[in-house]
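As stored in start.txt (compact mmCIF, C-alpha atoms and all ligand atoms):
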# COMPACT_ATOMS: atom_id res chain seq x y z
CA MET A 87 -3.34 -8.44 25.61
CA SER A 88 0.24 -8.17 24.37
CA GLU A 89 2.19 -4.91 24.56
CA LEU A 90 2.41 -4.95 20.76
CA ARG A 91 -1.37 -5.15 20.43
CA ARG A 92 -1.90 -2.45 23.04
CA SER A 93 0.47 -0.14 21.23
CA PHE A 94 -1.17 -0.84 17.83
CA ASP A 95 -4.66 -0.28 19.24
CA ARG A 96 -3.57 2.99 20.84
CA ASP A 97 -1.47 4.52 18.03
CA GLY A 98 -2.72 2.76 14.89
CA PHE A 99 0.77 1.78 13.76
CA LEU A 100 3.88 -0.17 14.72
CA VAL A 101 7.51 0.27 13.66
CA LEU A 102 9.38 -3.05 13.74
CA ARG A 103 13.04 -2.63 12.90
CA ASP A 104 15.20 -5.40 11.46
CA PHE A 105 12.25 -7.39 10.20
CA ALA A 106 13.88 -8.22 6.85
CA GLY A 107 17.60 -8.77 6.28
CA PRO A 108 19.65 -7.08 3.54
CA ASP A 109 19.54 -10.16 1.30
CA ALA A 110 15.74 -10.38 1.46
CA CYS A 111 15.40 -6.65 0.64
CA ALA A 112 17.90 -6.94 -2.22
CA ALA A 113 16.05 -9.95 -3.66
CA LEU A 114 12.79 -7.99 -3.89
CA ILE A 115 14.49 -4.98 -5.46
CA ARG A 116 16.21 -7.25 -8.01
CA SER A 117 12.98 -9.01 -8.87
CA ALA A 118 11.06 -5.72 -9.23
CA GLU A 119 13.75 -4.07 -11.34
CA ALA A 120 13.82 -7.15 -13.61
CA ILE A 121 10.08 -6.71 -14.18
CA VAL A 122 10.60 -3.02 -14.97
CA ALA A 123 13.50 -3.84 -17.31
CA ALA A 124 11.25 -6.28 -19.21
CA THR A 125 8.48 -3.68 -19.49
CA ASP A 126 8.05 -1.42 -22.50
CA ILE A 127 7.81 1.77 -20.49
CA ASP A 128 7.19 3.95 -23.55
CA ALA A 129 4.07 1.91 -24.34
CA LEU A 130 2.61 2.57 -20.88
CA GLU A 131 0.05 5.31 -20.51
CA THR A 132 -1.44 5.03 -17.05
CA VAL A 133 -0.05 7.52 -14.58
CA PHE A 134 -0.70 6.60 -10.99
CA ASP A 135 -2.55 9.77 -10.08
CA ALA A 136 -2.20 9.75 -6.31
CA GLN A 137 -3.79 13.22 -6.07
CA GLY A 138 -6.75 13.08 -8.41
CA GLN A 139 -7.18 9.29 -8.73
CA GLY A 140 -7.50 9.80 -12.51
CA HIS A 141 -6.40 6.18 -13.06
CA GLY A 142 -9.86 5.19 -11.77
CA ARG A 143 -11.13 5.64 -15.33
CA ASP A 144 -8.58 3.28 -16.77
CA ARG A 145 -8.87 -0.47 -17.29
CA TRP A 146 -5.09 -0.91 -16.97
CA PHE A 147 -5.60 0.08 -13.34
CA LEU A 148 -9.10 -1.26 -12.68
CA ASP A 149 -8.21 -4.78 -13.87
CA SER A 150 -4.82 -4.92 -12.16
CA GLY A 151 -6.01 -6.58 -8.92
CA PRO A 152 -4.96 -10.08 -10.03
CA GLU A 153 -2.06 -8.90 -12.27
CA VAL A 154 1.42 -7.45 -12.12
CA ARG A 155 1.33 -4.13 -13.94
CA ALA A 156 3.46 -1.02 -13.97
CA PHE A 157 2.10 2.49 -13.39
CA LEU A 158 3.86 5.71 -14.25
CA GLU A 159 4.94 8.75 -12.29
CA ASP A 160 3.44 12.05 -13.32
CA THR A 161 6.40 13.52 -15.23
CA PRO A 162 4.82 15.84 -17.80
CA GLY A 163 7.29 16.57 -20.59
CA GLY A 164 9.98 14.42 -18.97
CA PRO A 165 10.99 10.81 -19.57
CA LYS A 166 8.52 8.16 -18.41
CA ARG A 167 9.40 6.61 -15.04
CA VAL A 168 7.70 3.86 -13.09
CA ASN A 169 5.85 4.85 -9.92
CA LYS A 170 4.79 1.39 -8.81
CA LEU A 171 4.11 -2.23 -9.69
CA GLY A 172 0.82 -3.74 -8.54
CA HIS A 173 -1.30 -5.43 -7.41
CA ALA A 174 -0.75 -9.21 -7.17
CA LEU A 175 3.02 -9.53 -6.86
CA HIS A 176 2.44 -11.77 -3.84
CA ASP A 177 0.55 -14.33 -5.94
CA ARG A 178 2.31 -13.96 -9.29
CA VAL A 179 6.02 -13.47 -8.58
CA PRO A 180 7.93 -16.14 -6.64
CA ALA A 181 10.29 -13.76 -4.80
CA PHE A 182 7.32 -11.74 -3.54
CA SER A 183 5.22 -14.77 -2.67
CA GLU A 184 8.08 -16.16 -0.58
CA PHE A 185 8.72 -12.84 1.16
CA SER A 186 5.01 -12.25 1.83
CA ARG A 187 4.16 -15.73 3.09
CA ASP A 188 6.34 -15.44 6.15
CA PRO A 189 4.98 -17.23 9.24
CA ARG A 190 6.08 -14.23 11.32
CA LEU A 191 3.64 -12.02 9.39
CA ASP A 192 0.87 -14.56 9.86
CA ALA A 193 1.48 -14.59 13.63
CA LEU A 194 1.73 -10.79 13.74
CA VAL A 195 -1.56 -10.01 12.01
CA ARG A 196 -3.38 -12.65 14.06
CA GLU A 197 -1.98 -11.03 17.20
CA LEU A 198 -3.42 -7.74 15.91
CA GLY A 199 -6.87 -9.31 15.64
CA VAL A 200 -7.15 -10.66 12.09
CA ALA A 201 -8.83 -14.07 12.51
CA ALA A 202 -8.54 -15.42 8.95
CA PRO A 203 -5.86 -13.42 7.08
CA LEU A 204 -6.09 -13.08 3.29
CA LEU A 205 -3.35 -11.45 1.22
CA LEU A 206 -5.25 -8.97 -0.91
CA GLN A 207 -2.93 -6.46 -2.55
CA SER A 208 0.78 -5.89 -3.04
CA MET A 209 2.76 -3.01 -4.49
CA LEU A 210 6.37 -2.16 -5.10
CA ILE A 211 6.59 1.60 -4.69
CA PHE A 212 9.74 2.93 -6.37
CA LYS A 213 9.94 6.60 -5.36
CA TYR A 214 12.95 7.01 -7.62
CA PRO A 215 15.38 9.89 -6.97
CA GLU A 216 14.13 13.31 -8.13
CA VAL A 217 10.87 11.98 -9.66
CA GLY A 218 9.20 9.85 -6.95
CA GLY A 219 5.78 11.43 -6.35
CA GLU A 220 3.97 12.47 -3.22
CA VAL A 221 1.38 10.11 -1.71
CA PRO A 222 -1.33 12.33 -0.19
CA ALA A 223 -2.91 11.54 3.18
CA HIS A 224 -5.29 8.61 3.03
CA GLN A 225 -6.68 5.61 4.91
CA ASP A 226 -6.16 2.20 3.31
CA ALA A 227 -9.75 1.19 4.16
CA THR A 228 -10.87 3.85 1.65
CA TYR A 229 -9.55 1.61 -1.13
CA LEU A 230 -9.82 -1.86 0.46
CA TYR A 231 -13.07 -1.79 2.36
CA THR A 232 -14.50 -4.65 4.38
CA GLU A 233 -17.40 -4.69 6.79
CA PRO A 234 -16.20 -4.36 9.51
CA VAL A 235 -12.98 -2.60 8.53
CA SER A 236 -10.15 -5.14 8.71
CA VAL A 237 -7.38 -4.12 6.32
CA ILE A 238 -3.86 -3.90 7.71
CA GLY A 239 -0.96 -2.47 5.73
CA LEU A 240 2.44 -4.14 6.00
CA TRP A 241 4.98 -1.67 4.61
CA PHE A 242 8.59 -2.76 4.26
CA ALA A 243 11.45 -0.30 3.73
CA LEU A 244 13.68 -2.05 1.19
CA GLU A 245 16.18 0.81 1.55
CA GLU A 246 16.62 3.51 4.12
CA ALA A 247 13.62 5.86 4.17
CA THR A 248 14.56 9.36 5.27
CA LEU A 249 13.04 12.82 5.66
CA GLU A 250 14.70 13.70 2.35
CA ASN A 251 13.61 10.77 0.20
CA GLY A 252 9.97 10.59 1.30
CA CYS A 253 9.64 8.37 4.36
CA LEU A 254 6.17 7.48 5.62
CA GLU A 255 4.34 10.01 7.78
CA VAL A 256 1.49 8.97 10.06
CA LEU A 257 -1.17 10.73 12.12
CA PRO A 258 -1.06 8.80 15.41
CA GLY A 259 -4.50 7.91 16.79
CA SER A 260 -6.35 8.89 13.61
CA HIS A 261 -7.56 5.28 13.24
CA GLN A 262 -9.99 6.00 16.06
CA GLY A 263 -11.88 8.67 14.10
CA GLY A 264 -13.76 6.64 11.51
CA LEU A 265 -13.50 6.31 7.74
CA ARG A 266 -13.38 9.61 5.84
CA SER A 267 -13.99 8.40 2.30
CA ARG A 268 -14.63 5.34 0.15
CA TYR A 269 -13.28 4.58 -3.30
CA ARG A 270 -16.13 2.85 -5.09
CA ARG A 271 -16.17 1.04 -8.39
CA ASP A 272 -19.08 1.62 -10.70
CA GLY A 273 -18.63 -0.38 -13.91
CA ASP A 274 -15.77 1.09 -15.91
CA ARG A 275 -14.75 3.68 -13.40
CA ALA A 276 -14.06 4.21 -9.76
CA HIS A 277 -14.58 7.39 -7.82
CA THR A 278 -14.07 8.73 -4.34
CA GLU A 279 -17.09 9.31 -2.15
CA ARG A 280 -16.51 11.54 0.84
CA LEU A 281 -18.10 10.35 4.05
CA ASP A 282 -16.62 13.06 6.26
CA PRO A 283 -15.80 16.47 4.77
CA ARG A 284 -13.19 17.47 7.36
CA PRO A 285 -9.65 17.88 6.02
CA TRP A 286 -6.87 16.08 7.86
CA PRO A 287 -5.30 18.33 10.49
CA ARG A 288 -2.05 20.10 9.61
CA GLU A 289 -0.56 19.39 13.03
CA GLY A 290 0.20 16.15 14.79
CA TRP A 291 1.85 14.22 11.95
CA ARG A 292 4.84 12.05 12.76
CA SER A 293 7.57 11.26 10.22
CA LEU A 294 8.92 7.74 10.33
CA PRO A 295 12.50 7.74 9.04
CA VAL A 296 13.57 4.09 9.21
CA PRO A 297 16.49 1.92 8.14
CA ALA A 298 16.17 -0.69 5.39
CA GLY A 299 14.54 -3.88 6.63
CA THR A 300 12.01 -2.08 8.85
CA LEU A 301 8.37 -3.16 8.80
CA VAL A 302 5.78 -0.47 9.46
CA VAL A 303 2.34 -1.87 10.29
CA LEU A 304 -0.60 0.43 9.51
CA HIS A 305 -4.17 0.12 10.78
CA GLY A 306 -6.62 0.42 7.88
CA LEU A 307 -8.11 3.60 9.32
CA LEU A 308 -4.80 5.32 10.12
CA ALA A 309 -4.10 8.43 8.04
CA HIS A 310 -0.69 8.21 6.38
CA ARG A 311 1.15 9.88 3.52
CA SER A 312 4.62 10.46 2.09
CA ALA A 313 6.34 13.43 0.46
CA ALA A 314 7.87 13.49 -3.02
CA ASN A 315 11.42 12.28 -3.34
CA ARG A 316 13.53 15.20 -4.53
CA SER A 317 16.74 13.68 -3.16
CA PRO A 318 19.40 11.67 -5.01
CA ALA A 319 18.59 8.53 -2.96
CA PRO A 320 15.93 6.02 -4.05
CA ARG A 321 13.28 4.93 -1.56
CA ARG A 322 11.93 1.63 -2.74
CA ALA A 323 9.35 -0.03 -0.49
CA TYR A 324 7.11 -3.07 -0.62
CA ALA A 325 3.53 -2.80 0.68
CA LEU A 326 1.30 -5.79 1.34
CA HIS A 327 -2.32 -5.38 2.39
CA VAL A 328 -4.06 -8.08 4.38
CA ILE A 329 -7.77 -8.37 5.18
CA ASP A 330 -9.79 -10.65 7.42
CA GLY A 331 -11.64 -13.38 5.51
CA GLU A 332 -14.28 -13.28 8.22
CA ALA A 333 -15.21 -9.72 7.26
CA GLU A 334 -17.37 -9.01 4.23
CA TYR A 335 -15.41 -7.79 1.20
CA ALA A 336 -17.23 -4.91 -0.51
CA ALA A 337 -18.60 -5.82 -3.95
CA ASP A 338 -17.87 -2.27 -5.12
CA ASN A 339 -14.21 -2.16 -4.10
CA TRP A 340 -12.06 -1.29 -7.13
CA LEU A 341 -9.98 -4.43 -6.59
CA GLN A 342 -11.87 -7.59 -7.52
CA ARG A 343 -10.32 -11.03 -7.89
CA PRO A 344 -11.55 -13.36 -10.63
CA ASP A 345 -12.52 -16.94 -9.68
CA GLU A 346 -9.32 -18.23 -11.35
CA LEU A 347 -7.14 -16.50 -8.76
CA PRO A 348 -8.87 -16.66 -5.39
CA LEU A 349 -7.36 -14.87 -2.42
CA ARG A 350 -5.05 -16.94 -0.26
CA GLY A 351 -3.72 -16.58 3.23
CA PHE A 352 -0.14 -16.93 4.44
CA ALA A 353 0.01 -20.71 3.89
O1 LIG B 1 5.12 4.07 0.19
C1 LIG B 1 4.46 5.11 0.34
O2 LIG B 1 4.99 6.20 0.25
C2 LIG B 1 3.00 5.08 0.66
C3 LIG B 1 2.50 3.70 0.88
C4 LIG B 1 1.06 3.64 1.24
O3 LIG B 1 0.39 4.62 1.36
C5 LIG B 1 0.43 2.35 1.48
O4 LIG B 1 1.10 1.31 1.36
O5 LIG B 1 -0.78 2.34 1.82
Please express the file's structure as structure tokens.
Amino acid sequence: MSELRRSFDRDGFLVLRDFAGPDACAALIRSAEAIVAATDIDALETVFDAQGQGHGRDRWFLDSGPEVRAFLEDTPGGPKRVNKLGHALHDRVPAFSEFSRDPRLDALVRELGVAAPLLLQSMLIFKYPEVGGEVPAHQDATYLYTEPVSVIGLWFALEEATLENGCLEVLPGSHQGGLRSRYRRDGDRAHTERLDPRPWPREGWRSLPVPAGTLVVLHGLLAHRSAANRSPAPRRAYALHVIDGEAEYAADNWLQRPDELPLRGFA
């Protein structure tokens, strides 16, 4: 077993600096900001409700698995600002498809045990200065469940992520403790079902301040979160979630792909 794999199996995450160069990061930011600039923000209504998951009652969210849609920050009374774009940038937008279908990522996830990688979900998370919201502690397998659990998060810092602008925070080893909740779709809504009532511990979290270009790899059962950005510096990041095609994809996951846009791997 490689040292990388041993470390991932032990901790539930990897921090790989200098994965993406400045030009590659800038290209994704440019492409994402062009999408935002072409979006009628005032016409948007769906706030990405990271705390209460209120967007789970909203078709703009529920049908976004094969689309590129913008979601708002919770800024009551203030101007509307975009929280994220999701969830099929990797299949719909050339700059993201090129960035995501990198043979190095294919080799990496296979080394971590994914036999038949499929690119399931992508998001550009803006965390704009002053307004970028908190992402509460969660496991990605809550939202992207396969049997057995196979989802891996590939999170790319497109700019420096710091303690001030809301860098990722992880709970090392928490991937060994089982899945705590599932986010299930039931017709026109999705809701969270708790499987384990214990709250995440207050102690033991590790902040991951990283320079732009860093790839953070997250096991699907690893608890992670990020604080609000109250600093003057943006913290844009790209997150790509990969599952194993050999695992069974849950029919009641919120994200469902239509036959017209089947999931693809890295090729
Ligand atoms: O970018 C963040 O702050 C959180 C990202 C995240 O939770 C994820 O990609 O699963």
Kindly compile the residues surrounding ligand LIG 1 (chain B) within 8 Å, counting all atoms listed in the file, and format them as a PyMOL selection string. chain A and resi 209+211+213+220-221+223-226+239-241+252-254+304+310-313+322-327
Next, dump the selected residues to file, keeping only C-alpha atoms, as a PDB file, in the coordinates of the input.
ATOM      1  CA  MET A 209       2.760  -3.010  -4.490  1.00  0.00           C
ATOM      2  CA  ILE A 211       6.590   1.600  -4.690  1.00  0.00           C
ATOM      3  CA  LYS A 213       9.940   6.600  -5.360  1.00  0.00           C
ATOM      4  CA  GLU A 220       3.970  12.470  -3.220  1.00  0.00           C
ATOM      5  CA  VAL A 221       1.380  10.110  -1.710  1.00  0.00           C
ATOM      6  CA  ALA A 223      -2.910  11.540   3.180  1.00  0.00           C
ATOM      7  CA  HIS A 224      -5.290   8.610   3.030  1.00  0.00           C
ATOM      8  CA  GLN A 225      -6.680   5.610   4.910  1.00  0.00           C
ATOM      9  CA  ASP A 226      -6.160   2.200   3.310  1.00  0.00           C
ATOM     10  CA  GLY A 239      -0.960  -2.470   5.730  1.00  0.00           C
ATOM     11  CA  LEU A 240       2.440  -4.140   6.000  1.00  0.00           C
ATOM     12  CA  TRP A 241       4.980  -1.670   4.610  1.00  0.00           C
ATOM     13  CA  GLY A 252       9.970  10.590   1.300  1.00  0.00           C
ATOM     14  CA  CYS A 253       9.640   8.370   4.360  1.00  0.00           C
ATOM     15  CA  LEU A 254       6.170   7.480   5.620  1.00  0.00           C
ATOM     16  CA  LEU A 304      -0.600   0.430   9.510  1.00  0.00           C
ATOM     17  CA  HIS A 310      -0.690   8.210   6.380  1.00  0.00           C
ATOM     18  CA  ARG A 311       1.150   9.880   3.520  1.00  0.00           C
ATOM     19  CA  SER A 312       4.620  10.460   2.090  1.00  0.00           C
ATOM     20  CA  ALA A 313       6.340  13.430   0.460  1.00  0.00           C
ATOM     21  CA  ARG A 322      11.930   1.630  -2.740  1.00  0.00           C
ATOM     22  CA  ALA A 323       9.350  -0.030  -0.490  1.00  0.00           C
ATOM     23  CA  TYR A 324       7.110  -3.070  -0.620  1.00  0.00           C
ATOM     24  CA  ALA A 325       3.530  -2.800   0.680  1.00  0.00           C
ATOM     25  CA  LEU A 326       1.300  -5.790   1.340  1.00  0.00           C
ATOM     26  CA  HIS A 327      -2.320  -5.380   2.390  1.00  0.00           C
TER      27      HIS A 327
END
Residue neighbourhood segment 114-122 of chain A, 8 Å, all atoms listed in the file, exclusion window fewer than 5 positions, as a PDB file with C-alpha atoms, in the frame of the given file:
ATOM      1  CA  ILE A 127       7.810   1.770 -20.490  1.00  0.00           C
ATOM      2  CA  ALA A 156       3.460  -1.020 -13.970  1.00  0.00           C
ATOM      3  CA  VAL A 168       7.700   3.860 -13.090  1.00  0.00           C
ATOM      4  CA  LEU A 171       4.110  -2.230  -9.690  1.00  0.00           C
ATOM      5  CA  ALA A 181      10.290 -13.760  -4.800  1.00  0.00           C
ATOM      6  CA  PHE A 182       7.320 -11.740  -3.540  1.00  0.00           C
ATOM      7  CA  LEU A 210       6.370  -2.160  -5.100  1.00  0.00           C
ATOM      8  CA  LEU A 244      13.680  -2.050   1.190  1.00  0.00           C
ATOM      9  CA  ARG A 322      11.930   1.630  -2.740  1.00  0.00           C
TER      10      ARG A 322
END
If we draw a sphere of 9 Å around (-1.6, 7.9, -16.3), which residues have at least one atom in it when counting all atoms listed in the file? Please report them as a list in words. Leu130, Glu131, Thr132, Val133, Phe134, Asp135, Gly140, His141, Asp144, Phe157, Leu158, Glu159 and Asp160 of chain A
Can you pull out every residue within 6 Å of segment 339-345 of chain A, counting all atoms listed in the file, but drop anything in the same chain fewer than 2 positions away, and send it as number ranges by chain? A: 151-152, 270-271, 336-337, 347-348
Considering all atoms listed in the file, state which residue in the set A:Ala124, A:Val256, A:Leu194, A:Leu307 is at the smallest distance from Pro295 of chain A. A:Val256
Any idea what's packed within 9 Å of Asp282 of chain A, counting all atoms listed in the file, ignoring anything in its chain fewer than 6 positions away? Could you give it as a list in words?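 Here the answer would be Gly264, Leu265, Arg266 and Ser267 of chain A.
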Expressed in Å to a single decimal, how great is the separation between atom CA of Phe99 of chain A and atom CA of Gly299 of chain A? 16.5 Å
I'd like the interatomic distance between atom CA of Arg350 of chain A and atom CA of Leu204 of chain A, to a tenth of an Å. 5.3 Å
Please determine, counting only C-alpha atoms, which residue among A:Thr232, A:Thr248, A:Ser150, A:Thr161 has the shortest atom-to-atom distance to Ser208 of chain A.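 The answer is A:Ser150, which sits nearest to Ser208 of chain A.
Comparing the minimum interatomic distances between Asp338 of chain A and each of A:Leu230, A:Leu301, A:Leu102, A:Leu198, counting only C-alpha atoms, we find that A:Leu230 sits nearest.
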